[in-house]
Amino acid sequence: MLGLLHCEPMRRRISVVLGFSLLTASLTACTPSPKPNETLAQMYQDALFDSQALATSQPELASLRTEQAEELLAEIHRICGFDDEGTVPASCEVEVPAVAILPADDPEQYFSDSQVKILDNLDDIPKDSVTLVIEQFIEQSSFVQGADTPALPDLDLSDEEFATAQDLADREFSAAWSLGVALSQAPEYQDAIETAIDNHHERASLLQTITDLDTFAEPGYISELPAPTDQASALETVDAVQSNMLQAWHAAASAATTDSWRVLCAQMAGATARDISLIDAS
């Protein structure tokens, strides 16, 4: 009798433990191995290719592409996750292309090609990776020639995106006015600042078309900025205005849910970055 009392619970315990072990093994076997996002992986490989191709002729550009490759690889690993030992799963390792150093007769073309690929694939990368990829697009923009303001794409904006477009229109009009005030104190930078003013007006007009906005920002709209009194303070104003616009476009692109609006915002952020580089180079 005592033997039966002790034996029955043991059978049940063994059965439960065995069942749990089999279930765990089954779940482990059925869990798919994480894979790197294909678009991010391709961008990573392209960045490595560019860095090697530009290593001799354009070390500054090569260094930027190396940094961008490292950022993309870190992002791929972040998305894949790590095991208990902090190691990336083998399935998430990305093949490193073996590329010989190539002649770079047109180094700008490497960045132009990269930017085209970014804009074409923004909808294919994880949502929380968009901010990083657009930041890389912006960094590359300073090294490529500017393009005309893009044609207005077909847009079906959400309410939030429409409100953002209205806010950006106000900001662009205000930025143009603020740069005009600064220009009077920085005549040596006249050409670059006037170009930036014209570009702000073009972007504002584009946004007017999108939002049916027919009012201009009143003078003093950006009240936080003190009126410049000399060239140094004028350049500080220019830098603040341009940086604020760059951040606004970057944020709009990162938050966008409509692909065509996301692309347009990225293009405007890149164009603003080019304006900044032109002013800095004056």
# chains A, B, ... in the order shown; residues from 1 in each chain; ligands from 1
call {"tool": "residues_around", "arguments": {"residues": "Thr131 (chain A)", "least_positions_apart": "5", "cutoff": "10 Å", "atoms": "only C-alpha atoms", "output": "VMD selection string"}}
result
chain A and resid 136 to 137 250 to 255 266
call {"tool": "write_last_selection", "arguments": {"atoms": "C-alpha atoms", "output": "short mmCIF file (atom, residue, chain, number, x, y, z; two decimals), in the first residue's frame"}}
result
data_model
loop_
_atom_site.label_atom_id
_atom_site.label_comp_id
_atom_site.auth_asym_id
_atom_site.auth_seq_id
_atom_site.Cartn_x
_atom_site.Cartn_y
_atom_site.Cartn_z
CA GLN A 136 22.57 58.82 -43.66
CA PHE A 137 20.76 60.26 -46.69
CA HIS A 250 14.06 64.88 -40.69
CA ALA A 251 11.42 64.45 -38.00
CA ALA A 252 8.62 64.67 -40.57
CA ALA A 253 10.25 61.99 -42.72
CA SER A 254 10.79 59.72 -39.72
CA ALA A 255 7.17 60.05 -38.58
CA ALA A 266 13.73 63.13 -46.99
#
call {"tool": "select_by_dssp", "arguments": {"residues": "region 156-200 of chain A", "states": "alpha helix (DSSP H)", "output": "MDAnalysis selection string"}}
result
chainID A and resid 159:183 190:200
call {"tool": "residues_around", "arguments": {"residues": "Ser243 (chain A)", "least_positions_apart": "5", "cutoff": "9 Å", "atoms": "only C-alpha atoms", "output": "list in words"}}
result
Val238, Ala248, Thr272, Ala273 and Ile276 of chain A
call {"tool": "residues_around", "arguments": {"residues": "Ser233 (chain A)", "least_positions_apart": "3", "cutoff": "12 Å", "atoms": "only C-alpha atoms", "output": "ChimeraX atom specification"}}
result
/A:179,181-186,225-230,236-240
call {"tool": "write_last_selection", "arguments": {"atoms": "N, CA, C and O atoms", "output": "PDB file, in the first residue's frame"}}
result
ATOM      1  N   LEU A 179      16.406  84.577 -42.695  1.00  0.00           N
ATOM      2  CA  LEU A 179      17.672  84.655 -43.425  1.00  0.00           C
ATOM      3  C   LEU A 179      17.821  86.009 -44.108  1.00  0.00           C
ATOM      4  O   LEU A 179      18.936  86.531 -44.234  1.00  0.00           O
ATOM      5  N   VAL A 181      16.783  88.832 -42.916  1.00  0.00           N
ATOM      6  CA  VAL A 181      17.238  89.755 -41.868  1.00  0.00           C
ATOM      7  C   VAL A 181      18.729  89.566 -41.611  1.00  0.00           C
ATOM      8  O   VAL A 181      19.489  90.538 -41.490  1.00  0.00           O
ATOM      9  N   ALA A 182      19.164  88.309 -41.562  1.00  0.00           N
ATOM     10  CA  ALA A 182      20.579  88.031 -41.294  1.00  0.00           C
ATOM     11  C   ALA A 182      21.472  88.487 -42.441  1.00  0.00           C
ATOM     12  O   ALA A 182      22.622  88.883 -42.224  1.00  0.00           O
ATOM     13  N   LEU A 183      20.941  88.445 -43.654  1.00  0.00           N
ATOM     14  CA  LEU A 183      21.743  88.779 -44.833  1.00  0.00           C
ATOM     15  C   LEU A 183      22.315  90.190 -44.763  1.00  0.00           C
ATOM     16  O   LEU A 183      23.445  90.439 -45.207  1.00  0.00           O
ATOM     17  N   SER A 184      21.559  91.099 -44.193  1.00  0.00           N
ATOM     18  CA  SER A 184      22.020  92.493 -44.134  1.00  0.00           C
ATOM     19  C   SER A 184      23.294  92.641 -43.312  1.00  0.00           C
ATOM     20  O   SER A 184      24.035  93.614 -43.478  1.00  0.00           O
ATOM     21  N   GLN A 185      23.555  91.682 -42.423  1.00  0.00           N
ATOM     22  CA  GLN A 185      24.742  91.740 -41.576  1.00  0.00           C
ATOM     23  C   GLN A 185      25.854  90.798 -42.055  1.00  0.00           C
ATOM     24  O   GLN A 185      26.904  90.720 -41.416  1.00  0.00           O
ATOM     25  N   ALA A 186      25.607  90.099 -43.158  1.00  0.00           N
ATOM     26  CA  ALA A 186      26.611  89.144 -43.646  1.00  0.00           C
ATOM     27  C   ALA A 186      26.745  89.244 -45.159  1.00  0.00           C
ATOM     28  O   ALA A 186      26.488  88.277 -45.889  1.00  0.00           O
ATOM     29  N   LEU A 225      14.891  83.834 -31.723  1.00  0.00           N
ATOM     30  CA  LEU A 225      16.181  84.247 -32.262  1.00  0.00           C
ATOM     31  C   LEU A 225      16.353  85.752 -32.143  1.00  0.00           C
ATOM     32  O   LEU A 225      15.535  86.517 -32.655  1.00  0.00           O
ATOM     33  N   PRO A 226      17.416  86.198 -31.497  1.00  0.00           N
ATOM     34  CA  PRO A 226      17.653  87.647 -31.397  1.00  0.00           C
ATOM     35  C   PRO A 226      18.054  88.220 -32.748  1.00  0.00           C
ATOM     36  O   PRO A 226      18.624  87.526 -33.598  1.00  0.00           O
ATOM     37  N   ALA A 227      17.755  89.477 -32.963  1.00  0.00           N
ATOM     38  CA  ALA A 227      18.123  90.135 -34.218  1.00  0.00           C
ATOM     39  C   ALA A 227      19.642  90.240 -34.300  1.00  0.00           C
ATOM     40  O   ALA A 227      20.294  90.692 -33.352  1.00  0.00           O
ATOM     41  N   PRO A 228      20.237  89.819 -35.412  1.00  0.00           N
ATOM     42  CA  PRO A 228      21.697  89.897 -35.541  1.00  0.00           C
ATOM     43  C   PRO A 228      22.173  91.341 -35.620  1.00  0.00           C
ATOM     44  O   PRO A 228      21.505  92.201 -36.201  1.00  0.00           O
ATOM     45  N   THR A 229      23.334  91.583 -35.038  1.00  0.00           N
ATOM     46  CA  THR A 229      23.885  92.938 -35.016  1.00  0.00           C
ATOM     47  C   THR A 229      25.219  93.040 -35.743  1.00  0.00           C
ATOM     48  O   THR A 229      25.718  94.141 -35.962  1.00  0.00           O
ATOM     49  N   ASP A 230      25.811  91.903 -36.090  1.00  0.00           N
ATOM     50  CA  ASP A 230      27.065  91.894 -36.834  1.00  0.00           C
ATOM     51  C   ASP A 230      27.154  90.577 -37.599  1.00  0.00           C
ATOM     52  O   ASP A 230      26.239  89.750 -37.541  1.00  0.00           O
ATOM     53  N   GLU A 236      25.313  83.037 -36.819  1.00  0.00           N
ATOM     54  CA  GLU A 236      24.688  82.206 -35.788  1.00  0.00           C
ATOM     55  C   GLU A 236      23.196  82.051 -36.065  1.00  0.00           C
ATOM     56  O   GLU A 236      22.622  80.965 -35.901  1.00  0.00           O
ATOM     57  N   THR A 237      22.563  83.140 -36.492  1.00  0.00           N
ATOM     58  CA  THR A 237      21.144  83.085 -36.837  1.00  0.00           C
ATOM     59  C   THR A 237      20.917  82.158 -38.021  1.00  0.00           C
ATOM     60  O   THR A 237      20.003  81.316 -38.013  1.00  0.00           O
ATOM     61  N   VAL A 238      21.747  82.304 -39.046  1.00  0.00           N
ATOM     62  CA  VAL A 238      21.624  81.450 -40.231  1.00  0.00           C
ATOM     63  C   VAL A 238      21.769  79.982 -39.847  1.00  0.00           C
ATOM     64  O   VAL A 238      20.982  79.123 -40.276  1.00  0.00           O
ATOM     65  N   ASP A 239      22.770  79.688 -39.031  1.00  0.00           N
ATOM     66  CA  ASP A 239      23.004  78.303 -38.619  1.00  0.00           C
ATOM     67  C   ASP A 239      21.814  77.753 -37.834  1.00  0.00           C
ATOM     68  O   ASP A 239      21.386  76.611 -38.049  1.00  0.00           O
ATOM     69  N   ALA A 240      21.260  78.566 -36.936  1.00  0.00           N
ATOM     70  CA  ALA A 240      20.118  78.119 -36.133  1.00  0.00           C
ATOM     71  C   ALA A 240      18.892  77.877 -37.008  1.00  0.00           C
ATOM     72  O   ALA A 240      18.193  76.866 -36.855  1.00  0.00           O
TER      73      ALA A 240
END
call {"tool": "residues_around", "arguments": {"residues": "Leu278 (chain A)", "least_positions_apart": "5", "cutoff": "12 Å", "atoms": "only C-alpha atoms", "output": "list in words"}}
result
Ser141, Ser142, Phe143, Val144, Gln145, Gly146, Tyr189, Gln190, Asp191, Ala192, Ile193, Glu194, Thr195, Ala196, Asp239, Gln242, Ala271, Thr272 and Ala273 of chain A
call {"tool": "closest_residue", "arguments": {"among": "A:Gln45, A:Gln166, A:Gln267, A:Ser178", "to": "Gln115 (chain A)", "atoms": "only C-alpha atoms"}}
result
A:Gln267
call {"tool": "closest_residue", "arguments": {"among": "A:Glu139, A:Asp123, A:Asp280, A:Glu71", "to": "Val263 (chain A)", "atoms": "only C-alpha atoms"}}
result
A:Asp123
call {"tool": "closest_residue", "arguments": {"among": "A:Thr66, A:Gln208, A:Ser282, A:Thr257", "to": "Leu54 (chain A)", "atoms": "only C-alpha atoms"}}
result
A:Thr66
call {"tool": "closest_residue", "arguments": {"among": "A:Ala41, A:Ile138, A:Ala256, A:Ala234", "to": "Asp275 (chain A)", "atoms": "only C-alpha atoms"}}
result
A:Ile138
call {"tool": "closest_residue", "arguments": {"among": "A:Gln58, A:Asp50, A:Asp170, A:Cys80", "to": "Pro126 (chain A)", "atoms": "only C-alpha atoms"}}
result
A:Cys80
call {"tool": "closest_residue", "arguments": {"among": "A:Asp167, A:Ser158, A:Ile279, A:Leu61", "to": "Phe111 (chain A)", "atoms": "only C-alpha atoms"}}
result
A:Leu61
call {"tool": "residues_around", "arguments": {"residues": "Glu202 (chain A)", "least_positions_apart": "3", "cutoff": "12 Å", "atoms": "only C-alpha atoms", "output": "number ranges by chain"}}
result
A: 148-152, 169, 172-173, 175-176, 195-199, 205-209, 268, 271-272
call {"tool": "write_last_selection", "arguments": {"atoms": "N, CA and C atoms", "output": "PDB file, in the first residue's frame"}}
result
ATOM      1  N   ASP A 148      16.795  70.310 -58.669  1.00  0.00           N
ATOM      2  CA  ASP A 148      15.654  71.210 -58.590  1.00  0.00           C
ATOM      3  C   ASP A 148      14.648  70.688 -57.579  1.00  0.00           C
ATOM      4  N   THR A 149      13.811  71.593 -57.076  1.00  0.00           N
ATOM      5  CA  THR A 149      12.753  71.165 -56.168  1.00  0.00           C
ATOM      6  C   THR A 149      11.913  70.100 -56.859  1.00  0.00           C
ATOM      7  N   PRO A 150      11.732  68.941 -56.229  1.00  0.00           N
ATOM      8  CA  PRO A 150      11.032  67.841 -56.903  1.00  0.00           C
ATOM      9  C   PRO A 150       9.592  68.196 -57.233  1.00  0.00           C
ATOM     10  N   ALA A 151       9.092  67.552 -58.285  1.00  0.00           N
ATOM     11  CA  ALA A 151       7.697  67.749 -58.658  1.00  0.00           C
ATOM     12  C   ALA A 151       6.799  67.205 -57.557  1.00  0.00           C
ATOM     13  N   LEU A 152       5.629  67.799 -57.443  1.00  0.00           N
ATOM     14  CA  LEU A 152       4.696  67.386 -56.402  1.00  0.00           C
ATOM     15  C   LEU A 152       4.189  65.975 -56.687  1.00  0.00           C
ATOM     16  N   ALA A 169       5.222  74.509 -43.843  1.00  0.00           N
ATOM     17  CA  ALA A 169       5.051  75.671 -44.718  1.00  0.00           C
ATOM     18  C   ALA A 169       5.301  76.961 -43.939  1.00  0.00           C
ATOM     19  N   GLU A 172       9.016  77.275 -43.301  1.00  0.00           N
ATOM     20  CA  GLU A 172       9.808  77.639 -44.478  1.00  0.00           C
ATOM     21  C   GLU A 172       9.674  79.130 -44.794  1.00  0.00           C
ATOM     22  N   PHE A 173       8.454  79.655 -44.728  1.00  0.00           N
ATOM     23  CA  PHE A 173       8.274  81.087 -44.946  1.00  0.00           C
ATOM     24  C   PHE A 173       9.048  81.890 -43.906  1.00  0.00           C
ATOM     25  N   ALA A 175      11.644  80.900 -42.183  1.00  0.00           N
ATOM     26  CA  ALA A 175      13.084  80.730 -42.382  1.00  0.00           C
ATOM     27  C   ALA A 175      13.591  81.691 -43.453  1.00  0.00           C
ATOM     28  N   ALA A 176      12.835  81.830 -44.529  1.00  0.00           N
ATOM     29  CA  ALA A 176      13.235  82.750 -45.596  1.00  0.00           C
ATOM     30  C   ALA A 176      13.318  84.179 -45.070  1.00  0.00           C
ATOM     31  N   THR A 195      20.656  82.116 -52.111  1.00  0.00           N
ATOM     32  CA  THR A 195      20.252  80.823 -52.674  1.00  0.00           C
ATOM     33  C   THR A 195      19.393  80.055 -51.682  1.00  0.00           C
ATOM     34  N   ALA A 196      19.802  80.073 -50.418  1.00  0.00           N
ATOM     35  CA  ALA A 196      19.024  79.385 -49.385  1.00  0.00           C
ATOM     36  C   ALA A 196      17.637  80.013 -49.235  1.00  0.00           C
ATOM     37  N   ILE A 197      17.568  81.341 -49.307  1.00  0.00           N
ATOM     38  CA  ILE A 197      16.272  82.028 -49.209  1.00  0.00           C
ATOM     39  C   ILE A 197      15.359  81.603 -50.358  1.00  0.00           C
ATOM     40  N   ASP A 198      15.908  81.591 -51.571  1.00  0.00           N
ATOM     41  CA  ASP A 198      15.115  81.168 -52.734  1.00  0.00           C
ATOM     42  C   ASP A 198      14.605  79.739 -52.556  1.00  0.00           C
ATOM     43  N   ASN A 199      15.462  78.876 -52.028  1.00  0.00           N
ATOM     44  CA  ASN A 199      15.064  77.477 -51.837  1.00  0.00           C
ATOM     45  C   ASN A 199      13.973  77.344 -50.778  1.00  0.00           C
ATOM     46  N   SER A 205       6.320  77.200 -51.247  1.00  0.00           N
ATOM     47  CA  SER A 205       5.312  77.215 -52.313  1.00  0.00           C
ATOM     48  C   SER A 205       4.805  75.806 -52.602  1.00  0.00           C
ATOM     49  N   LEU A 206       5.717  74.846 -52.576  1.00  0.00           N
ATOM     50  CA  LEU A 206       5.313  73.457 -52.783  1.00  0.00           C
ATOM     51  C   LEU A 206       4.349  73.015 -51.688  1.00  0.00           C
ATOM     52  N   LEU A 207       4.666  73.378 -50.462  1.00  0.00           N
ATOM     53  CA  LEU A 207       3.804  73.019 -49.338  1.00  0.00           C
ATOM     54  C   LEU A 207       2.477  73.771 -49.396  1.00  0.00           C
ATOM     55  N   GLN A 208       2.505  74.990 -49.917  1.00  0.00           N
ATOM     56  CA  GLN A 208       1.255  75.728 -50.113  1.00  0.00           C
ATOM     57  C   GLN A 208       0.315  74.953 -51.027  1.00  0.00           C
ATOM     58  N   THR A 209       0.884  74.392 -52.072  1.00  0.00           N
ATOM     59  CA  THR A 209       0.072  73.615 -53.013  1.00  0.00           C
ATOM     60  C   THR A 209      -0.541  72.401 -52.330  1.00  0.00           C
ATOM     61  N   MET A 268      13.656  66.988 -49.012  1.00  0.00           N
ATOM     62  CA  MET A 268      13.737  68.357 -48.507  1.00  0.00           C
ATOM     63  C   MET A 268      14.795  68.476 -47.403  1.00  0.00           C
ATOM     64  N   ALA A 271      18.084  68.548 -49.216  1.00  0.00           N
ATOM     65  CA  ALA A 271      18.300  69.841 -49.871  1.00  0.00           C
ATOM     66  C   ALA A 271      18.709  70.903 -48.857  1.00  0.00           C
ATOM     67  N   THR A 272      18.105  70.872 -47.685  1.00  0.00           N
ATOM     68  CA  THR A 272      18.477  71.826 -46.636  1.00  0.00           C
ATOM     69  C   THR A 272      19.913  71.597 -46.184  1.00  0.00           C
TER      70      THR A 272
END
call {"tool": "atom_distance", "arguments": {"atom1": "CA of Cys265 (chain A)", "atom2": "CA of Leu72 (chain A)"}}
result
21.1 Å
call {"tool": "residues_around", "arguments": {"residues": "Asp159 (chain A)", "least_positions_apart": "3", "cutoff": "12 Å", "atoms": "only C-alpha atoms", "output": "PyMOL selection string"}}
result
chain A and resi 156+162-166+211+256-258
call {"tool": "atom_distance", "arguments": {"atom1": "CA of Ala47 (chain A)", "atom2": "CA of Ser277 (chain A)"}}
result
22.0 Å
